[in-house]
Every structure is written in C-alpha cells, then in structure tokens.
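*Asks:* Structure: target20.cif, mmCIF, C-alpha atoms.
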data_upload
loop_
_atom_site.label_atom_id
_atom_site.label_comp_id
_atom_site.auth_asym_id
_atom_site.auth_seq_id
_atom_site.Cartn_x
_atom_site.Cartn_y
_atom_site.Cartn_z
CA MET A 1339 96.16 106.44 98.39
CA SER A 1340 99.41 108.26 97.60
CA ALA A 1341 99.35 111.48 95.59
CA PRO A 1342 98.80 111.04 91.84
CA ALA A 1343 101.84 110.87 89.60
CA SER A 1344 103.12 114.14 88.20
CA GLY A 1345 102.24 114.73 84.55
CA LEU A 1346 98.69 113.57 85.21
CA ALA A 1347 95.84 116.05 84.68
CA GLN A 1348 94.28 116.78 88.06
CA ILE A 1349 91.13 118.32 89.45
CA GLY A 1350 91.67 119.24 93.07
CA LYS A 1351 89.34 118.89 96.05
CA SER A 1352 88.05 122.44 95.96
CA VAL A 1353 87.14 122.45 92.26
CA PHE A 1354 83.56 122.09 91.04
CA ILE A 1355 82.85 121.54 87.34
CA LYS A 1356 79.48 121.34 85.70
CA GLY A 1357 79.29 120.28 82.09
CA GLU A 1358 81.01 118.02 79.58
CA LEU A 1359 84.56 117.07 80.42
CA SER A 1360 86.66 115.46 77.71
CA GLY A 1361 90.36 114.92 77.11
CA SER A 1362 93.10 112.82 75.61
CA GLU A 1363 95.17 112.23 78.73
CA ASP A 1364 94.70 110.46 82.04
CA LEU A 1365 92.77 112.39 84.66
CA TYR A 1366 92.85 112.33 88.46
CA LEU A 1367 89.66 113.85 89.85
CA ASP A 1368 89.34 114.69 93.53
CA GLY A 1369 86.76 117.46 93.25
CA GLN A 1370 83.15 117.61 92.13
CA VAL A 1371 81.95 117.05 88.59
CA GLU A 1372 78.41 117.04 87.22
CA GLY A 1373 77.67 116.21 83.64
CA SER A 1374 79.67 113.78 81.51
CA ILE A 1375 83.28 112.66 81.32
CA ALA A 1376 84.76 111.34 78.06
CA LEU A 1377 88.35 110.11 78.11
CA LYS A 1378 88.35 107.49 75.39
CA GLY A 1379 91.72 105.76 75.31
CA ASN A 1380 92.68 107.20 78.69
CA SER A 1381 92.06 106.55 82.37
CA LEU A 1382 90.00 108.30 84.99
CA THR A 1383 90.75 108.04 88.68
CA VAL A 1384 88.16 109.37 91.12
CA GLY A 1385 90.11 110.20 94.26
CA PRO A 1386 88.85 109.62 97.81
CA HIS A 1387 87.31 113.12 97.97
CA GLY A 1388 85.93 112.96 94.47
CA GLN A 1389 82.19 113.35 93.98
CA VAL A 1390 81.07 112.66 90.46
CA LYS A 1391 77.55 112.85 89.11
CA ALA A 1392 78.25 112.03 85.52
CA SER A 1393 78.32 109.35 82.88
CA VAL A 1394 81.87 108.18 82.31
CA ASP A 1395 83.39 106.86 79.09
CA ALA A 1396 87.08 105.97 79.39
CA LYS A 1397 89.59 103.21 78.82
CA GLY A 1398 90.11 102.53 82.52
CA VAL A 1399 88.30 103.81 85.58
CA VAL A 1400 89.45 103.65 89.20
CA VAL A 1401 87.02 104.82 91.87
CA GLN A 1402 87.97 105.64 95.43
CA GLY A 1403 85.28 108.23 96.11
CA LYS A 1404 81.70 108.72 95.05
CA LEU A 1405 80.39 108.22 91.54
CA GLU A 1406 76.77 108.47 90.48
CA GLY A 1407 76.37 107.61 86.83
CA ASN A 1408 77.01 104.86 84.32
CA ILE A 1409 80.55 103.74 83.58
CA GLN A 1410 81.62 102.55 80.16
CA ALA A 1411 85.26 101.38 80.24
CA SER A 1412 86.85 99.76 77.22
CA ASP A 1413 89.49 98.06 79.38
CA ARG A 1414 89.03 97.90 83.13
CA VAL A 1415 87.15 99.22 86.15
CA GLU A 1416 88.50 99.14 89.69
CA LEU A 1417 86.36 99.92 92.73
CA ARG A 1418 88.55 100.47 95.75
CA LYS A 1419 87.29 99.77 99.26
CA SER A 1420 86.13 103.37 99.81
CA ALA A 1421 84.20 103.53 96.54
CA ILE A 1422 80.50 104.33 96.49
CA VAL A 1423 79.13 103.78 93.00
CA THR A 1424 75.53 104.10 91.89
CA GLY A 1425 75.12 103.25 88.25
CA ASP A 1426 75.70 100.54 85.68
CA ILE A 1427 79.16 99.34 84.72
CA ALA A 1428 80.09 97.95 81.32
CA THR A 1429 83.69 96.88 80.86
CA GLN A 1430 86.03 94.05 79.91
CA ARG A 1431 87.42 93.47 83.37
CA ILE A 1432 86.41 94.54 86.83
CA SER A 1433 88.08 94.46 90.21
CA ILE A 1434 86.10 95.26 93.35
CA GLU A 1435 87.76 95.54 96.74
CA GLU A 1436 86.02 94.30 99.85
CA GLY A 1437 84.17 97.25 101.34
CA ALA A 1438 83.24 98.92 98.05
CA PHE A 1439 79.57 99.75 97.56
CA LEU A 1440 77.81 99.27 94.26
CA LYS A 1441 74.19 99.81 93.37
CA GLY A 1442 73.80 98.89 89.73
CA LYS A 1443 74.55 96.40 87.03
CA VAL A 1444 77.86 94.80 86.05
CA ASP A 1445 78.09 93.75 82.43
CA ILE A 1446 81.35 92.22 81.20
CA HIS A 1447 82.09 92.41 77.49
CA ARG A 1448 85.05 90.34 76.37
CA ALA A 1449 87.09 91.72 73.50
CA ASP A 1450 86.61 89.76 70.27
CA THR A 1451 89.65 87.62 69.47
CA LYS A 1452 90.62 86.76 65.92
CA MET B 649 54.88 72.71 99.65
CA LYS B 650 57.86 70.44 100.13
CA PHE B 651 60.35 70.03 102.94
CA PHE B 652 63.86 68.85 102.25
CA ARG B 653 66.47 67.94 104.84
CA GLY B 654 69.51 69.72 103.48
CA SER B 655 72.99 68.75 104.45
CA SER B 656 74.11 72.23 105.47
CA ALA B 657 76.68 72.60 108.18
CA ALA B 658 78.53 75.63 109.49
CA GLU B 659 82.25 75.56 110.14
CA THR B 660 84.27 78.38 111.53
CA ILE B 661 87.20 79.31 109.37
CA PRO B 662 89.27 81.96 111.08
CA THR B 663 90.87 84.38 108.65
CA GLN B 664 93.19 87.28 109.17
CA SER B 665 90.68 89.87 108.01
CA SER B 666 87.30 88.68 109.37
CA GLN B 667 85.78 85.40 110.43
CA LYS B 668 83.78 83.64 107.75
CA LEU B 669 81.52 80.64 108.16
CA THR B 670 81.16 78.16 105.35
CA ARG B 671 77.82 76.48 104.80
CA ARG B 672 76.40 74.23 102.18
CA SER B 673 73.18 75.51 100.70
CA SER B 674 70.71 73.12 99.13
CA GLY B 675 68.67 76.03 97.80
CA LEU B 676 71.69 77.52 96.08
CA GLY B 677 72.58 74.08 94.73
CA GLU B 678 69.19 73.75 93.09
CA LEU B 679 69.38 77.28 91.71
CA SER B 680 72.91 76.63 90.37
CA ARG B 681 71.74 73.57 88.46
CA THR B 682 69.28 75.86 86.68
CA TRP B 683 71.81 78.43 85.58
CA GLU B 684 74.81 76.17 84.91
CA SER B 685 73.42 75.30 81.51
CA ALA B 686 72.09 78.77 80.74
CA GLU B 687 73.77 81.75 79.17
CA GLY B 688 73.28 85.45 79.57
CA LEU B 689 71.18 85.28 82.72
CA CYS B 690 70.15 88.39 84.57
CA VAL B 691 70.60 88.05 88.34
CA LEU B 692 69.68 90.45 91.15
CA ASP B 693 71.69 90.24 94.38
CA LEU B 694 69.97 92.03 97.24
CA GLY B 695 72.72 91.55 99.80
CA SER B 696 75.76 93.67 100.60
CA THR B 697 78.00 94.32 97.59
CA SER B 698 79.95 91.11 97.17
CA PRO B 699 82.96 91.08 94.85
CA THR B 700 82.85 87.31 95.10
CA ASN B 701 79.28 87.11 93.82
CA ILE B 702 79.91 89.62 91.07
CA ARG B 703 82.91 87.61 89.91
CA HIS B 704 80.95 84.35 90.16
CA PHE B 705 78.27 85.51 87.75
CA THR B 706 80.29 87.64 85.36
CA GLU B 707 82.85 84.86 84.84
CA ARG B 708 79.98 82.69 83.65
CA GLY B 709 78.77 85.28 81.18
CA HIS B 710 75.82 86.49 83.20
CA ARG B 711 74.80 90.01 84.16
CA ILE B 712 74.49 90.84 87.81
CA TYR B 713 72.72 93.71 89.50
CA SER B 714 73.74 94.56 93.03
CA GLU B 715 71.42 96.42 95.39
CA ASP B 716 71.80 96.44 99.18
CA LEU B 717 68.23 96.89 100.37
CA LEU B 718 69.04 96.63 104.08
CA ILE B 719 71.35 99.61 103.90
CA ALA B 720 68.85 101.45 101.70
CA SER B 721 66.19 100.92 104.36
CA THR B 722 68.25 102.92 106.88
CA ASP B 723 67.74 106.20 104.98
CA PRO B 724 66.19 108.67 107.47
CA VAL B 725 63.96 110.24 104.80
CA LEU B 726 61.88 107.06 104.84
CA ALA B 727 60.69 107.62 108.39
CA THR B 728 57.05 108.54 108.73
CA LYS B 729 54.25 108.13 111.28
CA ASP B 730 51.30 105.77 110.93
CA GLU B 731 47.78 106.46 112.19
CA GLN B 732 48.77 105.40 115.70
CA GLY B 733 51.75 107.75 115.71
CA THR B 734 54.26 104.91 115.51
CA THR B 735 57.34 105.50 113.39
CA VAL B 736 57.28 103.32 110.29
CA LEU B 737 59.05 103.39 106.96
CA ASP B 738 57.35 104.81 103.87
CA SER B 739 57.25 101.86 101.49
CA ARG B 740 56.14 103.98 98.53
CA LYS B 741 59.12 106.26 98.91
CA PHE B 742 61.36 103.25 99.36
CA LEU B 743 60.15 101.60 96.17
CA ALA B 744 60.41 104.89 94.27
CA ASP B 745 64.17 104.80 94.81
CA ASN B 746 64.89 101.10 95.06
CA LEU B 747 64.14 98.03 92.97
CA VAL B 748 63.35 100.27 90.02
CA TYR B 749 63.50 97.90 87.09
CA PRO B 750 61.34 97.01 84.11
CA ALA B 751 58.85 94.20 84.61
CA ALA B 752 60.10 90.65 84.05
CA GLN B 753 63.76 91.64 84.04
CA PHE B 754 65.42 88.96 86.16
CA ASP B 755 65.99 85.24 85.85
CA ALA B 756 66.98 84.94 89.50
CA VAL B 757 66.84 87.03 92.67
CA LEU B 758 69.05 86.36 95.68
CA CYS B 759 67.23 87.66 98.73
CA TRP B 760 69.46 85.94 101.25
CA ASN B 761 68.19 86.77 104.78
CA LEU B 762 66.61 90.09 103.80
CA PRO B 763 63.01 89.38 104.92
CA ASP B 764 64.18 88.46 108.43
CA TYR B 765 65.99 91.76 108.99
CA LEU B 766 64.01 94.23 106.89
CA ASP B 767 61.59 96.57 108.62
CA GLU B 768 58.05 95.16 108.82
CA SER B 769 56.53 97.95 106.74
CA LEU B 770 58.76 97.10 103.77
CA VAL B 771 58.65 93.31 103.60
CA LYS B 772 55.40 92.73 101.71
CA PRO B 773 55.82 95.68 99.32
CA VAL B 774 59.35 94.49 98.49
CA VAL B 775 58.19 90.94 97.82
CA GLY B 776 55.41 92.31 95.62
CA ARG B 777 57.91 94.34 93.62
CA LEU B 778 60.25 91.33 93.33
CA TRP B 779 57.41 89.30 91.87
CA SER B 780 56.93 91.87 89.16
CA VAL B 781 60.61 92.19 88.22
CA LEU B 782 61.11 88.43 88.00
CA LYS B 783 60.54 86.76 84.66
CA PRO B 784 57.81 84.11 84.56
CA GLY B 785 59.64 80.98 85.68
CA GLY B 786 62.28 83.09 87.40
CA MET B 787 63.45 81.95 90.82
CA LEU B 788 63.99 83.66 94.13
CA LEU B 789 66.12 82.30 96.96
CA ALA B 790 65.55 83.47 100.52
CA PHE B 791 66.75 82.35 103.94
CA PHE B 792 64.63 82.44 107.08
CA HIS B 793 65.70 81.77 110.64
CA THR B 794 63.81 79.19 112.61
CA ARG B 795 62.65 79.91 116.15
CA ASP B 796 65.58 77.91 117.50
CA ALA B 797 68.02 80.41 116.01
CA GLY B 798 67.23 82.90 118.77
CA PRO B 799 66.41 86.63 118.66
CA ASP B 800 70.05 87.73 118.64
CA SER B 801 70.99 85.90 115.46
CA PRO B 802 73.51 88.11 113.70
CA CYS B 803 72.85 89.36 110.19
CA HIS B 804 75.25 87.91 107.66
CA ARG B 805 76.25 88.68 104.13
CA PHE B 806 76.62 85.77 101.75
CA HIS B 807 79.32 85.03 99.23
CA ILE B 808 78.95 82.28 96.64
CA VAL B 809 82.12 80.17 96.66
CA GLY B 810 80.82 77.03 94.97
CA SER B 811 77.77 75.70 93.18
CA ASP B 812 76.19 74.89 96.56
CA THR B 813 78.57 76.54 99.00
CA LEU B 814 78.36 79.90 100.67
CA GLU B 815 80.60 81.91 102.93
CA MET B 816 78.74 83.84 105.60
CA GLN B 817 80.26 86.99 106.99
CA LYS B 818 78.74 88.92 109.87
CA ILE B 819 77.64 92.41 108.86
CA GLU B 820 79.32 95.13 110.85
CA LEU B 821 77.08 98.15 110.80
CA ARG B 822 79.86 100.56 111.69
CA ARG B 823 81.53 99.74 108.43
CA GLU B 824 78.33 100.14 106.50
CA ALA B 825 77.25 103.33 108.27
CA ARG B 826 79.47 105.44 106.05
CA ARG B 827 77.08 104.72 103.18
CA GLY B 828 74.78 107.30 104.66
CA ALA B 829 72.03 107.35 107.10
CA THR B 830 71.71 105.82 110.47
CA SER B 831 68.48 104.01 110.93
CA PRO B 832 65.42 106.08 111.77
CA VAL B 833 63.77 102.97 113.12
CA GLN B 834 65.61 100.83 115.60
CA ILE B 835 66.45 97.85 113.45
CA ALA B 836 70.15 98.05 114.18
CA GLY B 837 71.42 97.09 117.57
CA GLY B 838 75.01 96.97 118.72
CA ASP B 839 77.10 96.74 115.62
CA GLY B 840 74.67 94.86 113.33
CA PHE B 841 71.09 94.58 112.09
CA GLN B 842 68.53 93.00 114.43
CA LEU B 843 66.33 90.05 113.60
CA GLN B 844 62.87 91.59 113.15
CA ARG B 845 60.71 88.48 113.28
CA VAL B 846 60.66 84.72 112.89
CA PHE B 847 58.50 83.52 110.05
CA ASN B 848 56.74 80.18 110.39
CA ASN B 849 56.01 78.12 107.29
CA ARG B 850 52.50 79.48 106.95
CA HIS B 851 53.78 83.05 107.09
CA ILE B 852 56.32 82.28 104.40
CA GLU B 853 53.68 80.69 102.19
CA THR B 854 51.46 83.73 102.67
CA LEU B 855 54.32 86.08 101.88
CA PHE B 856 54.97 84.32 98.59
CA ARG B 857 51.39 83.41 97.75
CA ASP B 858 51.54 85.14 94.37
CA PHE B 859 54.36 82.87 93.25
CA ALA B 860 53.68 79.67 91.30
CA SER B 861 55.56 77.27 93.57
CA ILE B 862 57.54 77.17 96.77
CA LYS B 863 60.11 74.70 98.01
CA PHE B 864 61.56 74.50 101.53
CA PHE B 865 64.99 73.19 102.51
CA LEU B 866 65.61 72.68 106.21
CA ALA B 867 69.17 72.89 107.50
CA ARG B 868 70.86 71.93 110.75
CA ASP B 869 72.02 75.49 111.41
CA ASN B 870 68.49 76.82 112.15
CA ILE B 871 68.08 78.38 108.73
CA ARG B 872 65.21 77.48 106.47
CA GLU B 873 65.95 78.02 102.79
CA VAL B 874 63.10 78.84 100.47
CA LEU B 875 63.13 78.69 96.69
CA VAL B 876 60.13 80.20 94.96
CA VAL B 877 59.26 80.31 91.29
CA ARG B 878 57.27 83.08 89.70
#
So that I can check it, write out the structure of this file as structure tokens.
*Replies:*
Amino acid sequence: MSAPASGLAQIGKSVFIKGELSGSEDLYLDGQVEGSIALKGNSLTVGPHGQVKASVDAKGVVVQGKLEGNIQASDRVELRKSAIVTGDIATQRISIEEGAFLKGKVDIHRADTK
Amino acid sequence: MKFFRGSSAAETIPTQSSQKLTRRSSGLGELSRTWESAEGLCVLDLGSTSPTNIRHFTERGHRIYSEDLLIASTDPVLATKDEQGTTVLDSRKFLADNLVYPAAQFDAVLCWNLPDYLDESLVKPVVGRLWSVLKPGGMLLAFFHTRDAGPDSPCHRFHIVGSDTLEMQKIELRREARRGATSPVQIAGGDGFQLQRVFNNRHIETLFRDFASIKFFLARDNIREVLVVR
C-alpha cells in the first residue's frame, strides 16, 4: 500500500503503545498496540506492519496487518489480502479480499431507515 | 442411512487469478432449502476464509463464524509423542484454542472436506466438539473422498456461489503458510494438504454415531457428501 495521506495521525513501525487509545481524527497504525482503540466517527487503518491486540471501536476499519480483538465499526470494515484478524466483527458493510484470514464472527447490522 | 445419486459434475473454468472448478452439491442444496426460509441463522464455516461465503450468509441476514481448522492444526505447539513415541497432535490443546463456543450455538456447520485432511488424532475430538456446539436439529455438511479419488486428491476450499453450487479452489499451502506454523506432522506434501485417509460408509456412520440422522449423497466426481442432523 502507498504511504498514508499527510494530515493523518500515524503510529510508525517502531512504536509500541499499551493502554487505551482514543481520538477524534483518522489514524494510521503501523506499530504495535495493546489495549483498546476508540475512534468513534473516524477511521482506523492497520498498516501491513501493524500488530494490534485490542478491541476497536471506529467508524471505518481497514486492516492490512494483524489484529487480535473485536471490531465494532459503525460504517465499514475492509480486510485486505494481507490481513490476519482474530476476533468478531460487527459492522454495516464488510469487504474481504481474497487471501485475508479471519477467525471469528461476522455480524452485519443494517442502519435503520426512516 | 440413505444413498442419493446426486447430479454433481465438475467443470474447469480457467480464470486469470486461479483455476476454479464448479460443482453442483446435492448436500448444499438440501441445506439451502432449510435456511432459505429462516432468518438470523448462526453458521460455522470450517474451511479457509471465504469472502464469497461470508457475503452469501450476511446478505441473507445470517451470522457467520469463520474458523480454518486445517491451518490451525499446523501449529507446532500441538506436536506431542504418544506411548509408542510417534508424533501426534494434542487434541486437548487443539480444542482449548479452537472451536471454543457455547453449547448449542450453531444452526449449521460447514465441514467441507476437513475430516479427510485433518490429522487422525484430531478427527474424532473435533466431531465430538461439533456435536456439542450444534443446536438440536442443527445440520452439518461434510465431504468425503471415495477410494476411486486416489491418494493424491488435492485439498480444495469451497465457495458457495448458488443455492446448490460450489466453486472449488485448490489450496496452496505456500500462500497459507504465512499464517504461522509449518506442520509438525507431515500432513502437507508439495504445495497442499495430503489426503489422510479414505472413509468407507461404515466409518462415516461410526464417526457421526452421536448424531440423530445421516444422509449420503453420491456424486460422479468421487466425492461423497454427508448431511448429518444433531
């Protein structure tokens, strides 16, 4: 994948974070995180070197690396072909590339329409 | 025990990415009739992660769990020695990390060809666990090679493309090896999993003896489909 767009919060390959991560902007994560990630209304991208052991709560989630934990996405989840995900996924829409690995549940919740 | 002559046939459809065979599946057809009229089913797919299968079930409002037991069985920490000093896989350790679900969770389990390629030491324990995680009345679909298929029958992954139609794609172990371990026990040969055994009908009945009923579908492509009900 090409480098993330400028203006995006980034966690580089060499960074290790343990604890609760929250924010109100999109995040590109290519390092290691253990704990929980809360980005309600924003997107999380786990880069190809990313190793996440955390529950994730975000608007959109794109995974290219490794993620161990449940994913709650209010909009969309994308698992790219290099993704290795262990955990349950709850979202409105999901896209899984051929080659992605998932061990867990996929639960699609459609938004209520009025 | 019933035998049904299914109308399965395999056709080669060359694609740009990888060759896929299409086959009709009488077992899947019968299973599909069950869930077509149902809502909110809980399905367990024990094959390789299949975006096609995930889409198939989620578009119909069902929940799908994906768990690749063949790959999980290649974890080197499972290797242990039996009383004769032969390397076997530790089924207790395997079941501590895999198929961990509450009892009576699933309406359907898709085993595909798992029993044919899974290490001997894991087959019965896995079937026992599947019995417990299936709801009463829940159904399990499994495919078994006949003797005519030959010992070098490649291991395929299965994608549901219609109510009774599957696409079969040969599993390439090199691609899967990045998931982790190489096999501690030699179940993988060349670039795929090796057929471990050929079950006859009596063996299959014994394997699923705790289930309430069993139905066989014979196909022309040397695969015997089995649908069991808990």
*Asks:* Measuring between all atoms listed in the file, which one of B:Leu843, B:Val809, B:Ala751, B:Cys690 shows the shortest distance to Leu669 in chain B?
*Replies:*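 Ranking B:Leu843, B:Val809, B:Ala751, B:Cys690 by distance to Leu669 in chain B, first place goes to B:Val809.
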*Asks:* What residues come out when you apply the PyMOL selection byres ((chain B) within 9 of (chain A)) to this file, written as a count of residues only?
*Replies:* 21
*Asks:* Quick one: which residues end up in the PyMOL selection byres ((chain B and resi 795) around 9) for this structure, as a VMD selection string?
*Replies:* chain B and resid 793 to 794 796 to 799 846 to 848 870
*Asks:* With C-alpha atoms retained, could you export that selection as a compact mmCIF listing (two decimals), keeping the file's coordinate frame?
*Replies:*
# COMPACT_ATOMS: atom_id res chain seq x y z
CA HIS B 793 65.70 81.77 110.64
CA THR B 794 63.81 79.19 112.61
CA ASP B 796 65.58 77.91 117.50
CA ALA B 797 68.02 80.41 116.01
CA GLY B 798 67.23 82.90 118.77
CA PRO B 799 66.41 86.63 118.66
CA VAL B 846 60.66 84.72 112.89
CA PHE B 847 58.50 83.52 110.05
CA ASN B 848 56.74 80.18 110.39
CA ASN B 870 68.49 76.82 112.15
*Asks:* So that I can see what lies close to Cys759 in chain B, please list as a list in words the residues with an atom at most 8 Å from it, counting all atoms listed in the file and leaving out residues fewer than 5 positions away in the same chain.
*Replies:*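 Contacts, in chain order: Asp693, Leu694, Gly695, Leu788, Leu789, Ala790 and Phe791 of chain B.
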*Asks:* Which value, in Å to one decimal, gives the distance between CA of Leu717 in chain B and CA of Gly677 in chain B?
*Replies:*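 That distance, rounded to one decimal, is 23.9 Å.
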*Asks:* May I ask for the distance between CA of Val1400 in chain A and CA of Phe705 in chain B, given in Å to one decimal place?
*Replies:*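 Distance reported for this atom pair: 21.4 Å.
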*Asks:* Please write as a ChimeraX atom specification the full residue list that the PyMOL selection byres ((chain A and resi 1375) around 8) yields on this file.
*Replies:* /A:1358-1360,1373-1374,1376-1377,1392-1396
*Asks:* In Å, with one decimal, what is the gap from CA of Arg740 in chain B to CA of Ile719 in chain B?
*Replies:*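 For CA of Arg740 in chain B relative to CA of Ile719 in chain B, the distance reads 16.7 Å.
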*Asks:* With only C-alpha atoms as the counted atoms, please give the residues lying no more than 7 Å from Ala1347 in chain A, apart from itself and same-chain residues fewer than 6 positions off, as number ranges by chain.
*Replies:* A: 1364-1366
*Asks:* Which residues are near Thr1383 in chain A? Cut-off 10 Å, all atoms listed in the file, ignore same chain within fewer than 5 positions. Put them as number ranges by chain.
*Replies:* A: 1342, 1348, 1364-1368, 1388, 1398-1403, 1415-1416
*Asks:* Using only C-alpha atoms, please write the residues we just selected to a file, as a PDB file, keeping the file's coordinate frame.
*Replies:*
ATOM      1  CA  PRO A1342      98.800 111.040  91.840  1.00  0.00           C
ATOM      2  CA  GLN A1348      94.280 116.780  88.060  1.00  0.00           C
ATOM      3  CA  ASP A1364      94.700 110.460  82.040  1.00  0.00           C
ATOM      4  CA  LEU A1365      92.770 112.390  84.660  1.00  0.00           C
ATOM      5  CA  TYR A1366      92.850 112.330  88.460  1.00  0.00           C
ATOM      6  CA  LEU A1367      89.660 113.850  89.850  1.00  0.00           C
ATOM      7  CA  ASP A1368      89.340 114.690  93.530  1.00  0.00           C
ATOM      8  CA  GLY A1388      85.930 112.960  94.470  1.00  0.00           C
ATOM      9  CA  GLY A1398      90.110 102.530  82.520  1.00  0.00           C
ATOM     10  CA  VAL A1399      88.300 103.810  85.580  1.00  0.00           C
ATOM     11  CA  VAL A1400      89.450 103.650  89.200  1.00  0.00           C
ATOM     12  CA  VAL A1401      87.020 104.820  91.870  1.00  0.00           C
ATOM     13  CA  GLN A1402      87.970 105.640  95.430  1.00  0.00           C
ATOM     14  CA  GLY A1403      85.280 108.230  96.110  1.00  0.00           C
ATOM     15  CA  VAL A1415      87.150  99.220  86.150  1.00  0.00           C
ATOM     16  CA  GLU A1416      88.500  99.140  89.690  1.00  0.00           C
TER      17      GLU A1416
END
*Asks:* Emit range 782-809 of chain B of the structure in the block as a file comprising C-alpha atoms, as a CSV table (one decimal), in the first residue's frame.
*Replies:*
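Output file part-v1.csv follows:
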chain,number,residue,atom,x,y,z
B,782,LEU,CA,-24.6,-27.6,17.1
B,783,LYS,CA,-28.2,-26.8,18.2
B,784,PRO,CA,-30.5,-29.8,18.4
B,785,GLY,CA,-31.8,-30.2,14.9
B,786,GLY,CA,-28.8,-28.4,13.6
B,787,MET,CA,-27.1,-29.7,10.4
B,788,LEU,CA,-23.5,-30.5,9.5
B,789,LEU,CA,-22.3,-30.9,5.9
B,790,ALA,CA,-19.1,-32.8,5.2
B,791,PHE,CA,-17.5,-34.2,2.0
B,792,PHE,CA,-15.5,-37.4,1.9
B,793,HIS,CA,-13.5,-38.8,-1.0
B,794,THR,CA,-14.2,-42.2,-2.2
B,795,ARG,CA,-11.5,-44.8,-2.8
B,796,ASP,CA,-11.6,-44.0,-6.6
B,797,ALA,CA,-10.5,-40.4,-5.9
B,798,GLY,CA,-6.9,-41.6,-5.3
B,799,PRO,CA,-4.4,-40.8,-2.6
B,800,ASP,CA,-3.2,-37.6,-4.3
B,801,SER,CA,-6.5,-35.9,-4.3
B,802,PRO,CA,-5.8,-32.2,-3.8
B,803,CYS,CA,-7.4,-30.3,-0.9
B,804,HIS,CA,-9.8,-27.7,-2.0
B,805,ARG,CA,-11.5,-24.7,-0.5
B,806,PHE,CA,-15.2,-24.3,-1.2
B,807,HIS,CA,-17.1,-21.1,-2.1
B,808,ILE,CA,-20.9,-21.0,-2.2
B,809,VAL,CA,-22.0,-19.4,-5.5
